[in-house]
file my_file_38.txt (compact mmCIF, C-alpha atoms and all ligand atoms)
# COMPACT_ATOMS: atom_id res chain seq x y z
CA MET A 40 -6.13 -42.00 25.16
CA PRO A 41 -6.02 -38.84 27.37
CA THR A 42 -6.19 -35.50 25.56
CA ALA A 43 -2.66 -34.20 25.07
CA HIS A 44 -1.55 -31.04 26.82
CA ARG A 45 -0.53 -28.69 24.00
CA ILE A 46 0.79 -25.16 24.24
CA HIS A 47 1.35 -22.52 21.55
CA ASN A 48 4.95 -23.05 20.53
CA PHE A 49 6.61 -20.02 18.90
CA SER A 50 10.07 -21.59 18.62
CA ALA A 51 12.13 -20.79 15.55
CA GLY A 52 12.86 -24.41 14.69
CA PRO A 53 12.48 -27.17 15.52
CA CYS A 54 9.01 -25.84 16.04
CA THR A 55 5.35 -26.65 16.17
CA LEU A 56 4.04 -29.33 13.79
CA PRO A 57 0.41 -29.92 12.82
CA LEU A 58 -1.37 -31.89 15.54
CA PRO A 59 -3.10 -34.26 13.06
CA VAL A 60 0.36 -35.18 11.72
CA LEU A 61 1.67 -35.98 15.20
CA GLN A 62 -1.44 -38.03 15.88
CA GLN A 63 -1.02 -39.99 12.65
CA ILE A 64 2.63 -40.69 13.47
CA GLN A 65 1.58 -41.88 16.91
CA ALA A 66 -1.11 -44.15 15.47
CA GLU A 67 1.20 -45.65 12.83
CA LEU A 68 4.38 -45.93 14.80
CA ILE A 69 4.06 -49.51 16.03
CA ASP A 70 2.42 -50.97 12.93
CA PHE A 71 2.73 -49.04 9.68
CA ASN A 72 -0.15 -49.86 7.32
CA GLY A 73 -0.58 -53.44 8.59
CA ASN A 74 3.07 -54.38 7.99
CA GLY A 75 3.55 -55.40 11.64
CA MET A 76 6.47 -53.01 12.07
CA SER A 77 7.10 -49.29 12.09
CA VAL A 78 8.32 -47.32 9.12
CA VAL A 79 11.66 -46.76 10.89
CA GLU A 80 12.26 -50.50 11.20
CA MET A 81 11.91 -51.32 7.51
CA SER A 82 14.56 -51.46 4.83
CA HIS A 83 14.75 -48.20 2.94
CA ARG A 84 14.55 -50.29 -0.25
CA SER A 85 11.31 -51.97 0.84
CA LYS A 86 8.13 -51.21 -1.09
CA PRO A 87 6.34 -49.31 1.72
CA VAL A 88 9.33 -47.03 2.39
CA VAL A 89 10.02 -46.42 -1.30
CA GLU A 90 6.36 -45.45 -1.67
CA VAL A 91 6.57 -43.03 1.28
CA HIS A 92 9.76 -41.56 -0.19
CA GLU A 93 8.40 -41.13 -3.71
CA ARG A 94 5.12 -39.73 -2.47
CA ALA A 95 6.90 -37.07 -0.39
CA LEU A 96 9.12 -36.09 -3.34
CA GLN A 97 6.04 -35.85 -5.56
CA SER A 98 4.22 -33.72 -2.98
CA VAL A 99 7.06 -31.17 -2.99
CA ARG A 100 6.83 -31.14 -6.78
CA ASP A 101 3.03 -30.75 -6.76
CA LEU A 102 2.84 -28.11 -4.05
CA LEU A 103 5.49 -25.91 -5.63
CA ALA A 104 4.74 -26.76 -9.28
CA VAL A 105 8.36 -27.83 -9.78
CA PRO A 106 8.91 -28.36 -13.53
CA ASP A 107 10.67 -31.37 -15.12
CA THR A 108 13.75 -29.20 -15.61
CA HIS A 109 14.40 -29.39 -11.85
CA HIS A 110 15.21 -32.37 -9.58
CA VAL A 111 13.93 -32.74 -6.03
CA LEU A 112 16.20 -34.36 -3.42
CA PHE A 113 16.02 -35.14 0.28
CA LEU A 114 19.51 -34.93 1.77
CA GLY A 115 20.93 -35.27 5.26
CA GLY A 116 23.09 -32.68 6.98
CA GLY A 117 20.59 -29.84 7.23
CA ALA A 118 20.81 -26.52 5.44
CA THR A 119 24.26 -25.97 6.95
CA PHE A 120 25.58 -28.83 4.87
CA GLN A 121 24.31 -27.07 1.75
CA PHE A 122 26.33 -23.95 2.61
CA GLY A 123 29.40 -26.03 1.68
CA MET A 124 28.03 -28.66 -0.72
CA LEU A 125 26.70 -25.97 -3.05
CA PRO A 126 30.01 -24.16 -3.71
CA LEU A 127 31.98 -27.42 -3.73
CA ASN A 128 29.83 -28.54 -6.64
CA LEU A 129 29.50 -25.28 -8.49
CA LEU A 130 32.49 -23.07 -7.73
CA HIS A 131 35.31 -25.52 -8.43
CA GLY A 132 38.52 -23.94 -9.66
CA GLY A 133 37.73 -20.59 -8.03
CA GLN A 134 34.64 -19.74 -10.04
CA LYS A 135 32.60 -16.63 -9.26
CA ALA A 136 29.30 -16.27 -7.43
CA ASP A 137 27.31 -13.34 -6.02
CA TYR A 138 26.09 -13.49 -2.43
CA THR A 139 23.78 -11.17 -0.50
CA HIS A 140 24.78 -10.63 3.12
CA SER A 141 21.44 -10.17 4.84
CA GLY A 142 22.21 -11.54 8.30
CA ALA A 143 23.41 -14.45 10.40
CA TRP A 144 22.48 -17.26 8.00
CA ALA A 145 23.75 -15.53 4.89
CA LYS A 146 27.02 -14.92 6.72
CA LYS A 147 27.50 -18.64 7.25
CA ALA A 148 26.68 -19.41 3.62
CA ILE A 149 29.25 -16.82 2.49
CA ALA A 150 31.93 -18.15 4.83
CA ASP A 151 31.54 -21.67 3.44
CA ALA A 152 31.47 -20.49 -0.17
CA LYS A 153 34.81 -18.78 0.47
CA ALA A 154 36.19 -21.79 2.33
CA ALA A 155 35.24 -23.96 -0.65
CA GLY A 156 37.45 -21.76 -2.84
CA GLY A 157 34.76 -19.70 -4.56
CA ASP A 158 35.48 -16.19 -5.80
CA ILE A 159 32.70 -14.43 -3.89
CA ARG A 160 31.35 -10.94 -4.59
CA LEU A 161 28.99 -9.35 -2.10
CA ALA A 162 26.04 -8.13 -4.15
CA PHE A 163 24.62 -6.57 -1.01
CA ASP A 164 26.08 -6.06 2.46
CA GLY A 165 23.57 -5.33 5.22
CA THR A 166 26.26 -4.90 7.89
CA GLU A 167 26.00 -1.10 8.08
CA HIS A 168 22.23 -1.35 8.64
CA ALA A 169 22.67 -4.05 11.29
CA TYR A 170 20.77 -6.42 8.95
CA THR A 171 17.48 -4.61 9.29
CA THR A 172 16.86 -4.03 5.59
CA LEU A 173 17.33 -5.57 2.14
CA PRO A 174 18.14 -4.05 -1.22
CA ASN A 175 15.44 -3.16 -3.72
CA PRO A 176 15.50 -6.29 -5.94
CA ALA A 177 15.26 -4.07 -9.03
CA THR A 178 18.70 -2.58 -8.24
CA GLN A 179 20.43 -5.95 -8.16
CA SER A 180 22.59 -7.45 -10.88
CA SER A 181 24.94 -10.39 -11.05
CA SER A 182 28.57 -10.00 -11.99
CA PRO A 183 29.93 -11.24 -15.32
CA GLU A 184 30.77 -14.97 -15.21
CA SER A 185 28.89 -15.44 -11.98
CA VAL A 186 27.72 -19.07 -11.72
CA TYR A 187 24.86 -18.11 -9.41
CA TYR A 188 23.42 -15.34 -7.25
CA HIS A 189 22.74 -16.50 -3.67
CA LEU A 190 20.23 -15.08 -1.22
CA THR A 191 18.61 -16.10 2.04
CA SER A 192 14.90 -15.69 1.39
CA ASN A 193 14.08 -15.30 5.09
CA GLU A 194 16.58 -14.45 7.82
CA THR A 195 15.22 -16.46 10.74
CA ILE A 196 17.19 -14.57 13.40
CA GLY A 197 16.79 -11.05 12.01
CA GLY A 198 13.13 -11.45 10.96
CA LEU A 199 13.89 -10.13 7.48
CA GLN A 200 12.31 -11.51 4.30
CA TRP A 201 12.73 -10.88 0.59
CA LYS A 202 9.24 -10.08 -0.73
CA ASP A 203 10.28 -10.25 -4.36
CA PHE A 204 13.46 -11.63 -5.89
CA PRO A 205 16.06 -9.95 -8.10
CA ARG A 206 15.96 -10.48 -11.85
CA VAL A 207 19.62 -11.04 -12.60
CA ASP A 208 21.49 -12.83 -15.38
CA ALA A 209 22.86 -15.59 -13.17
CA PRO A 210 20.46 -18.24 -11.84
CA LEU A 211 19.16 -17.52 -8.35
CA VAL A 212 20.17 -19.87 -5.56
CA ALA A 213 18.29 -19.53 -2.28
CA ASP A 214 18.42 -20.77 1.25
CA MET A 215 14.67 -20.98 1.88
CA SER A 216 14.92 -22.87 5.15
CA SER A 217 12.58 -20.65 7.10
CA ASP A 218 9.94 -19.75 4.53
CA PHE A 219 9.91 -22.80 2.28
CA LEU A 220 6.39 -23.71 1.14
CA SER A 221 4.94 -20.47 2.43
CA ARG A 222 4.85 -18.90 -1.03
CA PRO A 223 5.18 -19.90 -4.69
CA ILE A 224 8.55 -20.07 -6.47
CA ASP A 225 9.16 -18.89 -10.03
CA TRP A 226 11.30 -21.76 -11.31
CA SER A 227 12.33 -19.90 -14.44
CA ARG A 228 14.57 -17.79 -12.14
CA PHE A 229 15.80 -20.33 -9.59
CA GLY A 230 18.64 -22.73 -10.32
CA LEU A 231 18.76 -24.21 -6.83
CA VAL A 232 16.71 -23.94 -3.66
CA TYR A 233 17.53 -25.63 -0.38
CA ALA A 234 15.60 -25.74 2.89
CA GLY A 235 16.15 -27.50 6.19
CA ALA A 236 12.88 -29.18 7.14
CA GLN A 237 12.54 -28.17 10.76
CA LYS A 238 10.51 -24.99 10.30
CA ASN A 239 7.70 -25.36 7.81
CA ILE A 240 7.77 -28.97 6.75
CA GLY A 241 8.83 -31.44 9.40
CA PRO A 242 11.36 -32.59 11.98
CA ALA A 243 15.08 -31.72 11.81
CA GLY A 244 17.45 -34.06 10.00
CA VAL A 245 16.51 -33.69 6.37
CA CYS A 246 17.02 -30.91 3.85
CA VAL A 247 15.10 -30.45 0.61
CA VAL A 248 17.29 -29.52 -2.35
CA ILE A 249 15.77 -28.62 -5.71
CA ILE A 250 18.31 -28.22 -8.50
CA SER A 251 17.93 -27.39 -12.18
CA ASP A 252 19.36 -29.55 -14.94
CA GLU A 253 21.29 -26.52 -16.11
CA LEU A 254 23.18 -26.19 -12.81
CA LEU A 255 23.53 -29.95 -12.51
CA GLN A 256 25.47 -29.99 -15.79
CA GLN A 257 27.97 -27.56 -14.25
CA CYS A 258 28.62 -29.59 -11.11
CA ASN A 259 32.10 -30.70 -10.25
CA GLY A 260 32.19 -34.36 -11.20
CA GLN A 261 35.31 -34.87 -9.06
CA GLN A 262 33.48 -34.62 -5.75
CA VAL A 263 33.51 -37.56 -3.39
CA ASN A 264 30.41 -39.68 -3.86
CA TYR A 265 28.04 -38.17 -1.29
CA LEU A 266 28.99 -34.56 -2.03
CA ASN A 267 28.10 -34.79 -5.70
CA TYR A 268 24.56 -33.59 -6.49
CA ALA A 269 24.57 -35.59 -9.72
CA ASN A 270 24.99 -38.85 -7.79
CA HIS A 271 21.96 -38.05 -5.66
CA VAL A 272 19.92 -37.29 -8.75
CA LYS A 273 21.07 -40.57 -10.34
CA GLY A 274 20.22 -42.42 -7.12
CA GLU A 275 16.73 -40.84 -7.12
CA SER A 276 17.44 -39.27 -3.73
CA MET A 277 18.30 -42.66 -2.24
CA LEU A 278 22.03 -42.79 -2.85
CA ASN A 279 22.48 -44.09 0.68
CA THR A 280 20.14 -44.83 3.59
CA PRO A 281 18.01 -41.69 3.77
CA PRO A 282 16.54 -40.21 6.98
CA VAL A 283 13.42 -42.33 6.59
CA PHE A 284 11.49 -41.12 9.62
CA GLN A 285 12.02 -37.46 8.73
CA ILE A 286 10.94 -38.01 5.13
CA TYR A 287 7.87 -39.92 6.28
CA ALA A 288 6.94 -37.04 8.62
CA VAL A 289 7.60 -34.45 5.90
CA GLY A 290 5.26 -36.41 3.62
CA LEU A 291 2.51 -36.22 6.22
CA VAL A 292 3.02 -32.48 6.74
CA LEU A 293 2.81 -31.97 2.97
CA ASP A 294 -0.44 -33.98 2.83
CA TRP A 295 -1.76 -31.77 5.62
CA LEU A 296 -0.72 -28.66 3.69
CA LYS A 297 -2.45 -29.91 0.55
CA SER A 298 -5.63 -30.57 2.50
CA HIS A 299 -5.63 -26.91 3.60
CA GLY A 300 -5.19 -25.49 0.13
CA GLY A 301 -1.43 -25.72 -0.46
CA VAL A 302 0.97 -22.84 -0.90
CA ALA A 303 -1.71 -20.26 -1.78
CA TRP A 304 -3.39 -20.97 1.55
CA ALA A 305 -0.04 -20.94 3.39
CA GLN A 306 0.85 -17.54 1.98
CA GLN A 307 -2.44 -15.97 3.00
CA ALA A 308 -2.41 -17.61 6.41
CA ALA A 309 1.17 -16.43 7.06
CA ALA A 310 0.25 -12.83 6.21
CA LYS A 311 -2.73 -13.02 8.56
CA ARG A 312 -0.84 -14.59 11.47
CA SER A 313 2.11 -12.22 11.29
CA GLY A 314 -0.25 -9.32 10.51
CA VAL A 315 -2.00 -9.45 13.89
CA LEU A 316 1.37 -9.36 15.66
CA TYR A 317 2.78 -6.47 13.61
CA ASP A 318 -0.49 -4.68 14.24
CA VAL A 319 -0.14 -4.93 18.03
CA ILE A 320 3.42 -3.69 17.72
CA ALA A 321 2.34 -0.72 15.58
CA LYS A 322 -0.48 0.21 17.95
CA SER A 323 1.49 -0.16 21.18
CA GLY A 324 2.58 3.48 21.26
CA GLY A 325 6.24 2.50 21.08
CA PHE A 326 6.10 -0.11 23.85
CA TYR A 327 6.98 -2.80 21.31
CA ARG A 328 9.45 -1.95 18.57
CA CYS A 329 10.25 -4.00 15.49
CA PRO A 330 13.72 -3.00 14.23
CA VAL A 331 13.13 -4.34 10.71
CA ASP A 332 12.38 -2.10 7.71
CA GLU A 333 8.59 -2.33 7.22
CA ARG A 334 9.00 -3.34 3.59
CA TYR A 335 10.90 -6.48 4.47
CA ARG A 336 9.31 -7.72 7.69
CA SER A 337 9.10 -11.47 7.81
CA SER A 338 5.78 -13.28 7.73
CA MET A 339 7.47 -16.20 9.51
CA ASN A 340 9.60 -14.69 12.31
CA VAL A 341 8.27 -11.59 14.01
CA VAL A 342 11.09 -9.98 16.01
CA PHE A 343 10.46 -7.20 18.50
CA ARG A 344 11.95 -5.39 21.47
CA LEU A 345 10.41 -4.04 24.67
CA PRO A 346 11.61 -0.89 26.45
CA ASP A 347 14.34 -2.77 28.35
CA GLU A 348 15.81 -6.23 28.86
CA THR A 349 14.27 -6.71 32.30
CA LEU A 350 10.81 -6.18 30.83
CA GLU A 351 11.69 -8.55 27.99
CA ALA A 352 12.63 -11.25 30.47
CA THR A 353 9.37 -10.70 32.38
CA PHE A 354 7.41 -10.76 29.13
CA ILE A 355 8.93 -14.06 27.99
CA LYS A 356 8.41 -15.68 31.39
CA SER A 357 4.83 -14.45 31.81
CA ALA A 358 3.91 -15.53 28.28
CA ALA A 359 5.33 -19.02 28.90
CA ALA A 360 3.26 -19.26 32.09
CA GLN A 361 0.20 -18.74 29.89
CA GLY A 362 1.15 -21.43 27.39
CA LEU A 363 2.83 -19.08 24.88
CA ASP A 364 6.29 -20.57 24.65
CA GLY A 365 9.53 -20.04 22.71
CA LEU A 366 9.42 -16.23 22.51
CA LYS A 367 13.01 -15.53 23.45
CA GLY A 368 15.00 -13.94 20.63
CA HIS A 369 18.08 -15.70 19.28
CA ARG A 370 20.94 -15.65 21.77
CA SER A 371 23.10 -13.61 19.37
CA VAL A 372 20.67 -10.67 19.23
CA GLY A 373 18.41 -10.92 22.30
CA GLY A 374 14.92 -9.41 22.38
CA CYS A 375 11.81 -11.38 21.48
CA ARG A 376 10.84 -13.41 18.46
CA ALA A 377 7.55 -15.09 17.61
CA SER A 378 7.96 -17.70 14.89
CA VAL A 379 4.66 -18.30 13.18
CA TYR A 380 5.31 -21.01 10.61
CA ASN A 381 2.69 -22.86 8.55
CA ALA A 382 1.61 -25.13 11.41
CA MET A 383 0.93 -22.28 13.84
CA PRO A 384 -2.85 -21.87 13.99
CA GLN A 385 -4.31 -18.38 13.66
CA ALA A 386 -5.66 -18.88 17.19
CA GLY A 387 -2.06 -19.08 18.45
CA ALA A 388 -1.16 -15.75 16.85
CA GLU A 389 -4.38 -14.19 18.20
CA ALA A 390 -3.66 -15.50 21.71
CA LEU A 391 -0.19 -13.97 21.58
CA ALA A 392 -1.56 -10.69 20.21
CA HIS A 393 -4.00 -10.49 23.15
CA PHE A 394 -1.27 -11.26 25.61
CA MET A 395 0.99 -8.58 24.09
CA HIS A 396 -1.81 -6.05 24.22
CA ASP A 397 -2.57 -6.79 27.88
CA PHE A 398 1.10 -6.88 28.85
CA ALA A 399 1.71 -3.46 27.28
CA ALA A 400 -1.37 -2.07 29.07
CA SER A 401 -0.16 -3.28 32.46
CA HIS A 402 3.58 -2.53 32.05
CA GLY A 403 3.63 0.46 29.69
C1 LIG A 501 17.70 -19.54 7.18
C2 LIG A 501 18.43 -20.69 7.78
N1 LIG A 501 19.42 -21.28 7.10
C3 LIG A 501 20.10 -22.32 7.59
C4 LIG A 501 19.82 -22.85 8.83
C5 LIG A 501 20.62 -24.01 9.36
O1 LIG A 501 19.84 -25.15 9.29
P1 LIG A 501 20.34 -26.55 9.85
O2 LIG A 501 20.40 -26.43 11.33
O3 LIG A 501 19.29 -27.49 9.35
O4 LIG A 501 21.65 -26.84 9.27
C6 LIG A 501 18.80 -22.28 9.60
C7 LIG A 501 18.46 -22.83 10.91
O5 LIG A 501 17.74 -22.29 11.70
C8 LIG A 501 18.08 -21.18 9.06
O6 LIG A 501 17.10 -20.60 9.75
call {"tool": "encode", "arguments": {"input": "my_file_38.txt", "output": "structure tokens"}}
result
Amino acid sequence: MPTAHRIHNFSAGPCTLPLPVLQQIQAELIDFNGNGMSVVEMSHRSKPVVEVHERALQSVRDLLAVPDTHHVLFLGGGATFQFGMLPLNLLHGGQKADYTHSGAWAKKAIADAKAAGGDIRLAFDGTEHAYTTLPNPATQSSSPESVYYHLTSNETIGGLQWKDFPRVDAPLVADMSSDFLSRPIDWSRFGLVYAGAQKNIGPAGVCVVIISDELLQQCNGQQVNYLNYANHVKGESMLNTPPVFQIYAVGLVLDWLKSHGGVAWAQQAAAKRSGVLYDVIAKSGGFYRCPVDERYRSSMNVVFRLPDETLEATFIKSAAAQGLDGLKGHRSVGGCRASVYNAMPQAGAEALAHFMHDFAASHG
């Protein structure tokens, strides 16, 4: 087999996946474990697929030390589906919840919570700071009768990340799509966590949802079948035909993560990868500028600007020509963004740091 041509892919998601995982998928695609067919051709109730499914669920549990009080689910519909499913289950009859408005993804979660009929209080509104900062977690509280307090642990577009989480009376609920499995989670504080797979843990098309028994008891039992979390828990995350290929791939990524040292390794590696990029920005004499409050800069999505948009376009194009792809900022904000998720090797971050250094020297 010829050696594959691989570039450093800094896309925000879907994004780079570990090469050994892609190679294993390639090797197993035609004949999965001697079954004479691929994993995507088998019944989801067949023994091999059930084993893949259960193993992936268990890996999430092991990697994040999820206690028995919480249930792990793989659901379709991405994280966007959870923006609505969550309040439909938990805010029936106009119940209250606190939301933090930290940027583009939080905004969507808030809009759906309102559309679902929830009585939503903004515990924090980052609008006046153009979503470049977060509140001090110690200043946060939940309102009386709040069913949950929602936050977006990492704003993928804004490059903004909660480093610690508020200690409030209501259970925390978090959209962790873009930093899931890059740091430990204190389950005594979290009632529900959801994360679309296509950043840190696999291909798009599946979302991990982890829900506590306590919140499950409060779910609206009147929901239509698929929308009811309790039915998914009863069905052991196989209420209907699950996205088998995605779950299989997630399972392989989780095995890969375990082999590297799990979440503790991921956390250190993320700090190191993002660290070299923030360092170039800091030492560029103002050529590169990160708009985000230093205390809350993301270890997953490093956003930065150059002196003007023409230079930004040249930067993105020149980087791509050198195999450093996906550096264009989100279309809603412009600028540049380097997404350095778990599967991005340190060498990729170093290569980008060198390129940034040289580009600043020749264009500054
Ligand atoms: C933080 C965050 N939340 C939610 C989403 C939406 O995820 P999906 O496209 O899986 O619905 C994204 C996608 O990039 C995201 O970054």
call {"tool": "closest_atom_pairs", "arguments": {"input": "my_file_38.txt", "of": "chain A", "to": "ligand LIG 501 (chain A)", "cutoff": "6 Å", "atoms": "all atoms listed in the file", "output": "JSON lines"}}
result
{"residue": "A:Gly117", "atom": "CA", "partner": "A:LIG501", "partner_atom": "O3", "distance": 3.4}
{"residue": "A:Ala118", "atom": "CA", "partner": "A:LIG501", "partner_atom": "O4", "distance": 3.9}
{"residue": "A:Thr119", "atom": "CA", "partner": "A:LIG501", "partner_atom": "O4", "distance": 3.6}
{"residue": "A:Trp144", "atom": "CA", "partner": "A:LIG501", "partner_atom": "N1", "distance": 5.1}
{"residue": "A:Asn193", "atom": "CA", "partner": "A:LIG501", "partner_atom": "C1", "distance": 6.0}
{"residue": "A:Glu194", "atom": "CA", "partner": "A:LIG501", "partner_atom": "C1", "distance": 5.3}
{"residue": "A:Thr195", "atom": "CA", "partner": "A:LIG501", "partner_atom": "O6", "distance": 4.7}
{"residue": "A:Asp214", "atom": "CA", "partner": "A:LIG501", "partner_atom": "N1", "distance": 6.0}
{"residue": "A:Ser216", "atom": "CA", "partner": "A:LIG501", "partner_atom": "C1", "distance": 4.8}
{"residue": "A:Ser217", "atom": "CA", "partner": "A:LIG501", "partner_atom": "C1", "distance": 5.2}
{"residue": "A:Gly235", "atom": "CA", "partner": "A:LIG501", "partner_atom": "O3", "distance": 4.5}
call {"tool": "closest_residue", "arguments": {"input": "my_file_38.txt", "among": "A:Leu278, A:Val283, A:Gln262, A:Val88", "to": "A:Ala155", "atoms": "only C-alpha atoms"}}
result
A:Gln262
call {"tool": "closest_residue", "arguments": {"input": "my_file_38.txt", "among": "A:Lys146, A:Arg100, A:Arg334, A:Arg376", "to": "A:Asp164", "atoms": "all atoms listed in the file"}}
result
A:Lys146
call {"tool": "residues_around", "arguments": {"input": "my_file_38.txt", "residues": "A:Gly156", "least_positions_apart": "5", "cutoff": "9 Å", "atoms": "all atoms listed in the file", "output": "mmCIF file with C-alpha atoms, in the frame of the given file"}}
result
data_model
loop_
_atom_site.group_PDB
_atom_site.id
_atom_site.type_symbol
_atom_site.label_atom_id
_atom_site.label_comp_id
_atom_site.auth_asym_id
_atom_site.auth_seq_id
_atom_site.Cartn_x
_atom_site.Cartn_y
_atom_site.Cartn_z
ATOM 1 C CA PRO A 126 30.010 -24.160 -3.710
ATOM 2 C CA LEU A 127 31.980 -27.420 -3.730
ATOM 3 C CA LEU A 130 32.490 -23.070 -7.730
ATOM 4 C CA HIS A 131 35.310 -25.520 -8.430
ATOM 5 C CA GLY A 132 38.520 -23.940 -9.660
ATOM 6 C CA GLY A 133 37.730 -20.590 -8.030
ATOM 7 C CA GLN A 134 34.640 -19.740 -10.040
ATOM 8 C CA ASP A 151 31.540 -21.670 3.440
#
call {"tool": "closest_residue", "arguments": {"input": "my_file_38.txt", "among": "A:Ala386, A:Leu350, A:Val302, A:Ala143", "to": "A:Ser401", "atoms": "all atoms listed in the file"}}
result
A:Leu350
call {"tool": "atom_distance", "arguments": {"input": "my_file_38.txt", "atom1": "atom CA of A:Pro106", "atom2": "atom CA of A:Ser221"}}
result
18.2 Å
call {"tool": "residues_around", "arguments": {"input": "my_file_38.txt", "residues": "A:Cys329", "least_positions_apart": "6", "cutoff": "9 Å", "atoms": "all atoms listed in the file", "output": "number ranges by chain"}}
result
A: 317, 320-321, 336, 341-344
call {"tool": "axis_aligned_box", "arguments": {"input": "my_file_38.txt", "around": "stretch 374-389 of chain A", "padding_each_side": "8 Å", "output": "AutoDock Vina command-line options"}}
result
--center_x 4.6 --center_y -17.3 --center_z 15.5 --size_x 36.6 --size_y 31.7 --size_z 29.8
call {"tool": "residues_around", "arguments": {"input": "my_file_38.txt", "residues": "A:Val315", "least_positions_apart": "3", "cutoff": "9 Å", "atoms": "all atoms listed in the file", "output": "JSON, numbers by chain"}}
result
{"A": [310, 311, 312, 318, 319, 320, 388, 389, 392]}
